[in-house]
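S.K.: Pasting entry.txt here (compact mmCIF, N, CA and C atoms):
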# COMPACT_ATOMS: atom_id res chain seq x y z
N MET A 1 -19.83 85.77 217.75
CA MET A 1 -20.48 86.41 218.89
C MET A 1 -21.27 87.62 218.36
N GLN A 2 -22.42 87.82 218.89
CA GLN A 2 -23.29 88.94 218.50
C GLN A 2 -22.89 90.21 219.25
N LEU A 3 -23.25 91.36 218.70
CA LEU A 3 -22.95 92.64 219.33
C LEU A 3 -23.49 92.69 220.76
N GLU A 4 -24.68 92.19 220.97
CA GLU A 4 -25.28 92.20 222.31
C GLU A 4 -24.37 91.51 223.32
N ASP A 5 -23.77 90.39 222.91
CA ASP A 5 -22.88 89.64 223.79
C ASP A 5 -21.64 90.45 224.16
N TYR A 6 -21.05 91.13 223.16
CA TYR A 6 -19.89 91.98 223.43
C TYR A 6 -20.25 93.09 224.42
N LEU A 7 -21.37 93.75 224.16
CA LEU A 7 -21.78 94.86 225.03
C LEU A 7 -22.05 94.40 226.45
N LEU A 8 -22.71 93.26 226.59
CA LEU A 8 -23.03 92.75 227.93
C LEU A 8 -21.79 92.27 228.69
N LYS A 9 -20.72 91.92 227.96
CA LYS A 9 -19.47 91.57 228.63
C LYS A 9 -18.81 92.81 229.23
N ILE A 10 -19.08 93.98 228.62
CA ILE A 10 -18.50 95.22 229.11
C ILE A 10 -19.27 95.74 230.32
N TYR A 11 -20.60 95.69 230.21
CA TYR A 11 -21.44 96.25 231.29
C TYR A 11 -22.83 95.62 231.19
N PRO A 12 -23.43 95.27 232.35
CA PRO A 12 -24.77 94.66 232.33
C PRO A 12 -25.87 95.70 232.06
N LEU A 13 -26.19 95.90 230.81
CA LEU A 13 -27.19 96.89 230.42
C LEU A 13 -28.61 96.34 230.55
N ASP A 14 -29.55 97.23 230.84
CA ASP A 14 -30.94 96.80 230.84
C ASP A 14 -31.37 96.62 229.38
N PRO A 15 -32.39 95.81 229.13
CA PRO A 15 -32.78 95.50 227.75
C PRO A 15 -33.08 96.72 226.87
N SER A 16 -33.71 97.76 227.41
CA SER A 16 -34.03 98.92 226.57
C SER A 16 -32.76 99.67 226.15
N SER A 17 -31.80 99.81 227.05
CA SER A 17 -30.53 100.46 226.70
C SER A 17 -29.76 99.62 225.68
N LEU A 18 -29.74 98.33 225.87
CA LEU A 18 -29.06 97.43 224.94
C LEU A 18 -29.68 97.53 223.55
N ASN A 19 -31.00 97.55 223.48
CA ASN A 19 -31.69 97.67 222.19
C ASN A 19 -31.37 98.99 221.50
N LEU A 20 -31.27 100.09 222.28
CA LEU A 20 -30.93 101.39 221.70
C LEU A 20 -29.52 101.38 221.11
N LEU A 21 -28.58 100.81 221.85
CA LEU A 21 -27.20 100.74 221.34
C LEU A 21 -27.11 99.90 220.06
N VAL A 22 -27.79 98.79 220.05
CA VAL A 22 -27.77 97.92 218.87
C VAL A 22 -28.42 98.63 217.69
N ALA A 23 -29.48 99.39 217.94
CA ALA A 23 -30.19 100.08 216.86
C ALA A 23 -29.33 101.14 216.17
N ILE A 24 -28.41 101.75 216.89
CA ILE A 24 -27.57 102.79 216.28
C ILE A 24 -26.21 102.26 215.85
N SER A 25 -26.02 100.96 215.91
CA SER A 25 -24.75 100.34 215.55
C SER A 25 -24.82 99.73 214.16
N SER A 26 -23.66 99.61 213.54
CA SER A 26 -23.57 98.91 212.26
C SER A 26 -22.24 98.17 212.19
N GLU A 27 -22.23 97.11 211.41
CA GLU A 27 -21.00 96.34 211.25
C GLU A 27 -20.24 96.86 210.04
N VAL A 28 -18.95 97.07 210.22
CA VAL A 28 -18.08 97.52 209.15
C VAL A 28 -16.86 96.61 209.10
N SER A 29 -16.22 96.57 207.96
CA SER A 29 -14.96 95.83 207.87
C SER A 29 -13.97 96.67 207.07
N PHE A 30 -12.70 96.47 207.36
CA PHE A 30 -11.65 97.25 206.73
C PHE A 30 -10.57 96.31 206.22
N PRO A 31 -9.90 96.68 205.13
CA PRO A 31 -8.81 95.84 204.63
C PRO A 31 -7.57 95.94 205.52
N LYS A 32 -6.73 94.97 205.42
CA LYS A 32 -5.47 94.98 206.16
C LYS A 32 -4.71 96.27 205.83
N GLY A 33 -4.17 96.90 206.86
CA GLY A 33 -3.39 98.11 206.68
C GLY A 33 -4.21 99.40 206.75
N HIS A 34 -5.53 99.28 206.86
CA HIS A 34 -6.38 100.48 206.93
C HIS A 34 -6.10 101.24 208.22
N GLN A 35 -6.04 102.56 208.13
CA GLN A 35 -5.79 103.40 209.30
C GLN A 35 -7.12 103.95 209.81
N LEU A 36 -7.54 103.51 210.99
CA LEU A 36 -8.80 103.98 211.57
C LEU A 36 -8.71 105.42 212.05
N PHE A 37 -7.67 105.74 212.76
CA PHE A 37 -7.52 107.06 213.37
C PHE A 37 -6.14 107.63 213.08
N ASN A 38 -6.05 108.96 213.16
CA ASN A 38 -4.74 109.59 213.14
C ASN A 38 -4.78 110.80 214.05
N SER A 39 -3.62 111.35 214.34
CA SER A 39 -3.53 112.44 215.32
C SER A 39 -3.96 113.79 214.76
N GLU A 40 -4.27 113.86 213.49
CA GLU A 40 -4.62 115.14 212.88
C GLU A 40 -6.12 115.38 212.76
N ARG A 41 -6.93 114.39 213.12
CA ARG A 41 -8.37 114.59 213.04
C ARG A 41 -9.06 113.86 214.18
N SER A 42 -10.17 114.43 214.60
CA SER A 42 -10.96 113.83 215.67
C SER A 42 -11.90 112.78 215.09
N ALA A 43 -12.19 111.76 215.85
CA ALA A 43 -13.11 110.71 215.41
C ALA A 43 -14.07 110.41 216.54
N ASN A 44 -15.31 110.14 216.21
CA ASN A 44 -16.30 109.89 217.26
C ASN A 44 -16.95 108.52 217.14
N HIS A 45 -16.23 107.57 216.58
CA HIS A 45 -16.75 106.21 216.47
C HIS A 45 -16.09 105.32 217.52
N ILE A 46 -16.82 104.29 217.90
CA ILE A 46 -16.29 103.26 218.79
C ILE A 46 -16.37 101.95 218.01
N TYR A 47 -15.29 101.19 218.04
CA TYR A 47 -15.25 99.93 217.32
C TYR A 47 -15.02 98.79 218.30
N ILE A 48 -15.59 97.64 217.98
CA ILE A 48 -15.32 96.40 218.70
C ILE A 48 -14.76 95.43 217.68
N VAL A 49 -13.61 94.86 217.97
CA VAL A 49 -12.98 93.93 217.02
C VAL A 49 -13.74 92.61 217.05
N ARG A 50 -14.33 92.29 215.91
CA ARG A 50 -15.07 91.03 215.81
C ARG A 50 -14.13 89.90 215.39
N SER A 51 -13.25 90.19 214.46
CA SER A 51 -12.22 89.22 214.07
C SER A 51 -11.03 89.98 213.52
N GLY A 52 -9.88 89.40 213.63
CA GLY A 52 -8.67 90.05 213.16
C GLY A 52 -7.88 90.65 214.31
N LEU A 53 -7.02 91.57 213.96
CA LEU A 53 -6.10 92.18 214.91
C LEU A 53 -5.97 93.66 214.58
N VAL A 54 -5.89 94.48 215.61
CA VAL A 54 -5.71 95.92 215.45
C VAL A 54 -4.41 96.30 216.13
N ARG A 55 -3.68 97.19 215.49
CA ARG A 55 -2.40 97.63 216.03
C ARG A 55 -2.42 99.13 216.21
N ALA A 56 -1.98 99.60 217.38
CA ALA A 56 -1.85 101.03 217.63
C ALA A 56 -0.36 101.38 217.61
N SER A 57 -0.07 102.47 216.90
CA SER A 57 1.34 102.86 216.78
C SER A 57 1.45 104.37 216.72
N LYS A 58 2.68 104.85 216.86
CA LYS A 58 2.96 106.27 216.73
C LYS A 58 4.34 106.43 216.12
N TRP A 59 4.58 107.60 215.56
CA TRP A 59 5.88 107.90 214.99
C TRP A 59 6.69 108.71 215.99
N ALA A 60 7.94 108.30 216.17
CA ALA A 60 8.86 109.01 217.05
C ALA A 60 10.27 108.87 216.48
N ASP A 61 10.93 109.98 216.32
CA ASP A 61 12.30 109.96 215.80
C ASP A 61 12.41 109.17 214.50
N GLU A 62 11.47 109.40 213.60
CA GLU A 62 11.45 108.78 212.28
C GLU A 62 11.27 107.26 212.31
N HIS A 63 10.79 106.72 213.43
CA HIS A 63 10.52 105.28 213.54
C HIS A 63 9.09 105.09 214.01
N GLU A 64 8.44 104.08 213.47
CA GLU A 64 7.10 103.75 213.92
C GLU A 64 7.21 102.81 215.12
N ILE A 65 6.53 103.17 216.20
CA ILE A 65 6.58 102.38 217.43
C ILE A 65 5.18 101.81 217.69
N THR A 66 5.08 100.49 217.75
CA THR A 66 3.83 99.84 218.09
C THR A 66 3.74 99.76 219.60
N PHE A 67 2.61 100.22 220.16
CA PHE A 67 2.48 100.19 221.61
C PHE A 67 1.27 99.40 222.10
N TRP A 68 0.48 98.84 221.19
CA TRP A 68 -0.69 98.09 221.62
C TRP A 68 -1.23 97.23 220.50
N PHE A 69 -1.71 96.03 220.84
CA PHE A 69 -2.43 95.17 219.91
C PHE A 69 -3.80 94.87 220.50
N GLY A 70 -4.83 94.91 219.67
CA GLY A 70 -6.18 94.56 220.10
C GLY A 70 -6.65 93.34 219.34
N MET A 71 -7.16 92.36 220.06
CA MET A 71 -7.65 91.14 219.45
C MET A 71 -9.17 91.09 219.56
N GLU A 72 -9.78 89.99 219.20
CA GLU A 72 -11.22 89.85 219.21
C GLU A 72 -11.80 90.30 220.55
N GLY A 73 -12.82 91.16 220.47
CA GLY A 73 -13.47 91.67 221.67
C GLY A 73 -12.90 92.99 222.17
N ALA A 74 -11.77 93.42 221.61
CA ALA A 74 -11.14 94.68 222.05
C ALA A 74 -12.00 95.87 221.63
N ILE A 75 -12.02 96.89 222.47
CA ILE A 75 -12.70 98.14 222.17
C ILE A 75 -11.68 99.11 221.59
N ILE A 76 -12.03 99.74 220.47
CA ILE A 76 -11.12 100.67 219.80
C ILE A 76 -11.77 102.04 219.77
N ILE A 77 -11.08 103.04 220.33
CA ILE A 77 -11.56 104.42 220.27
C ILE A 77 -10.39 105.33 219.91
N SER A 78 -10.71 106.51 219.45
CA SER A 78 -9.69 107.52 219.21
C SER A 78 -9.43 108.25 220.53
N MET A 79 -8.24 108.15 221.06
CA MET A 79 -7.94 108.84 222.31
C MET A 79 -8.02 110.35 222.11
N TYR A 80 -7.59 110.82 220.95
CA TYR A 80 -7.69 112.25 220.66
C TYR A 80 -9.16 112.69 220.68
N GLY A 81 -10.01 111.92 220.04
CA GLY A 81 -11.43 112.23 220.02
C GLY A 81 -12.05 112.15 221.41
N TYR A 82 -11.62 111.17 222.20
CA TYR A 82 -12.15 111.01 223.55
C TYR A 82 -11.74 112.19 224.44
N ILE A 83 -10.49 112.58 224.39
CA ILE A 83 -10.00 113.69 225.21
C ILE A 83 -10.62 115.01 224.76
N LYS A 84 -10.72 115.20 223.47
CA LYS A 84 -11.30 116.43 222.94
C LYS A 84 -12.77 116.57 223.31
N ALA A 85 -13.50 115.45 223.39
CA ALA A 85 -14.93 115.48 223.69
C ALA A 85 -15.23 115.69 225.16
N THR A 86 -14.27 115.44 226.04
CA THR A 86 -14.53 115.57 227.48
C THR A 86 -14.19 116.93 228.00
Mind turning this structure into structure tokens?

M.R.:
Amino acid sequence: MQLEDYLLKIYPLDPSSLNLLVAISSEVSFPKGHQLFNSERSANHIYIVRSGLVRASKWADEHEITFWFGMEGAIIISMYGYIKAT
């Protein structure tokens, strides 16, 4: 699926807005186990899972707790970055 298709599934953008978003976007890939975000730094990127699986977790009482899985098409953002920016 192309980026345009993912974006249009989220919201029906007009062609000029869609073209602007695509123009400032790039495709990246990460190895298994890569940590996109952490609670100690802000991040201002938005990711769309093209293939693979993303896991969100946190540490509590010396145990890692998984609280969310994202599959193909999932939107990934830093909640810390989102809250800090608003």

S.K.: For a cut-off of 6 Å around (1.4, 105.9, 221.9), file coordinates, pick out all residues using all atoms listed in the file and list them as a PDB file with N, CA and C atoms, in the coordinates of the input.

M.R.:
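result18.pdb written:
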ATOM      1  N   SER A  57      -0.070 102.470 216.900  1.00  0.00           N
ATOM      2  CA  SER A  57       1.340 102.860 216.780  1.00  0.00           C
ATOM      3  C   SER A  57       1.450 104.370 216.720  1.00  0.00           C
ATOM      4  N   LYS A  58       2.680 104.850 216.860  1.00  0.00           N
ATOM      5  CA  LYS A  58       2.960 106.270 216.730  1.00  0.00           C
ATOM      6  C   LYS A  58       4.340 106.430 216.120  1.00  0.00           C
ATOM      7  N   PHE A  67       2.610 100.220 220.160  1.00  0.00           N
ATOM      8  CA  PHE A  67       2.480 100.190 221.610  1.00  0.00           C
ATOM      9  C   PHE A  67       1.270  99.400 222.100  1.00  0.00           C
TER      10      PHE A  67
END

S.K.: Identify all residues of chain A in strand (DSSP E) (DSSP on the backbone) and supply them as a list in words.

M.R.: Ile46, Tyr47, Ile48, Val54, Arg55, Ala56, Ser57, Lys58, Trp59, Ala60, His63, Glu64, Ile65, Thr66, Phe67, Trp68, Phe69, Gly70, Ile75, Ile76 and Ile77 of chain A

S.K.: Counting only N, CA and C atoms, what is within 6 Å of A:Met71, bar same-chain residues fewer than 3 positions away, as a VMD selection string?

M.R.: chain A and resid 49 52 to 54 74

S.K.: Could the residues in this selection be saved with N, CA and C atoms as an mmCIF file, in the frame of the given file?

M.R.:
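Saved as again07.cif:
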data_model
loop_
_atom_site.group_PDB
_atom_site.id
_atom_site.type_symbol
_atom_site.label_atom_id
_atom_site.label_comp_id
_atom_site.auth_asym_id
_atom_site.auth_seq_id
_atom_site.Cartn_x
_atom_site.Cartn_y
_atom_site.Cartn_z
ATOM 1 N N VAL A 49 -13.610 94.860 217.970
ATOM 2 C CA VAL A 49 -12.980 93.930 217.020
ATOM 3 C C VAL A 49 -13.740 92.610 217.050
ATOM 4 N N GLY A 52 -9.880 89.400 213.630
ATOM 5 C CA GLY A 52 -8.670 90.050 213.160
ATOM 6 C C GLY A 52 -7.880 90.650 214.310
ATOM 7 N N LEU A 53 -7.020 91.570 213.960
ATOM 8 C CA LEU A 53 -6.100 92.180 214.910
ATOM 9 C C LEU A 53 -5.970 93.660 214.580
ATOM 10 N N VAL A 54 -5.890 94.480 215.610
ATOM 11 C CA VAL A 54 -5.710 95.920 215.450
ATOM 12 C C VAL A 54 -4.410 96.300 216.130
ATOM 13 N N ALA A 74 -11.770 93.420 221.610
ATOM 14 C CA ALA A 74 -11.140 94.680 222.050
ATOM 15 C C ALA A 74 -12.000 95.870 221.630
#

S.K.: I'd like the interatomic distance between atom CA of A:Asp5 and atom N of A:Ser29, to a tenth of an Å.

M.R.: 18.5 Å

S.K.: Write out as a compact mmCIF listing (two decimals) with N, CA and C atoms, in the coordinates of the input which residues come within 6.5 Å of stretch 32-48 of chain A when counting all atoms listed in the file, dropping same-chain ones fewer than 3 positions away.

M.R.:
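Full text of selection_18.txt as output:
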# COMPACT_ATOMS: atom_id res chain seq x y z
N SER A 51 -13.25 90.19 214.46
CA SER A 51 -12.22 89.22 214.07
C SER A 51 -11.03 89.98 213.52
N GLY A 73 -12.82 91.16 220.47
CA GLY A 73 -13.47 91.67 221.67
C GLY A 73 -12.90 92.99 222.17
N ALA A 74 -11.77 93.42 221.61
CA ALA A 74 -11.14 94.68 222.05
C ALA A 74 -12.00 95.87 221.63
N ILE A 75 -12.02 96.89 222.47
CA ILE A 75 -12.70 98.14 222.17
C ILE A 75 -11.68 99.11 221.59
N ILE A 76 -12.03 99.74 220.47
CA ILE A 76 -11.12 100.67 219.80
C ILE A 76 -11.77 102.04 219.77
N ILE A 77 -11.08 103.04 220.33
CA ILE A 77 -11.56 104.42 220.27
C ILE A 77 -10.39 105.33 219.91
N SER A 78 -10.71 106.51 219.45
CA SER A 78 -9.69 107.52 219.21
C SER A 78 -9.43 108.25 220.53
N TYR A 80 -7.59 110.82 220.95
CA TYR A 80 -7.69 112.25 220.66
C TYR A 80 -9.16 112.69 220.68
N GLY A 81 -10.01 111.92 220.04
CA GLY A 81 -11.43 112.23 220.02
C GLY A 81 -12.05 112.15 221.41
N TYR A 82 -11.62 111.17 222.20
CA TYR A 82 -12.15 111.01 223.55
C TYR A 82 -11.74 112.19 224.44

S.K.: Between atom N of A:Ala56 and atom CA of A:Trp68, what is the distance in Å, rounded to a tenth?

M.R.: 4.7 Å

S.K.: Expressed in Å to a single decimal, how great is the separation between atom C of A:Leu3 and atom CA of A:Val22?

M.R.: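 Between atom C of A:Leu3 and atom CA of A:Val22 the gap works out to 7.0 Å.
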
S.K.: For A:Asn19, please output as an MDAnalysis selection string all residues within 9 Å (counting only C-alpha atoms; exclusion window: fewer than 5 positions along the same chain).

M.R.: chainID A and resid 4 14 24
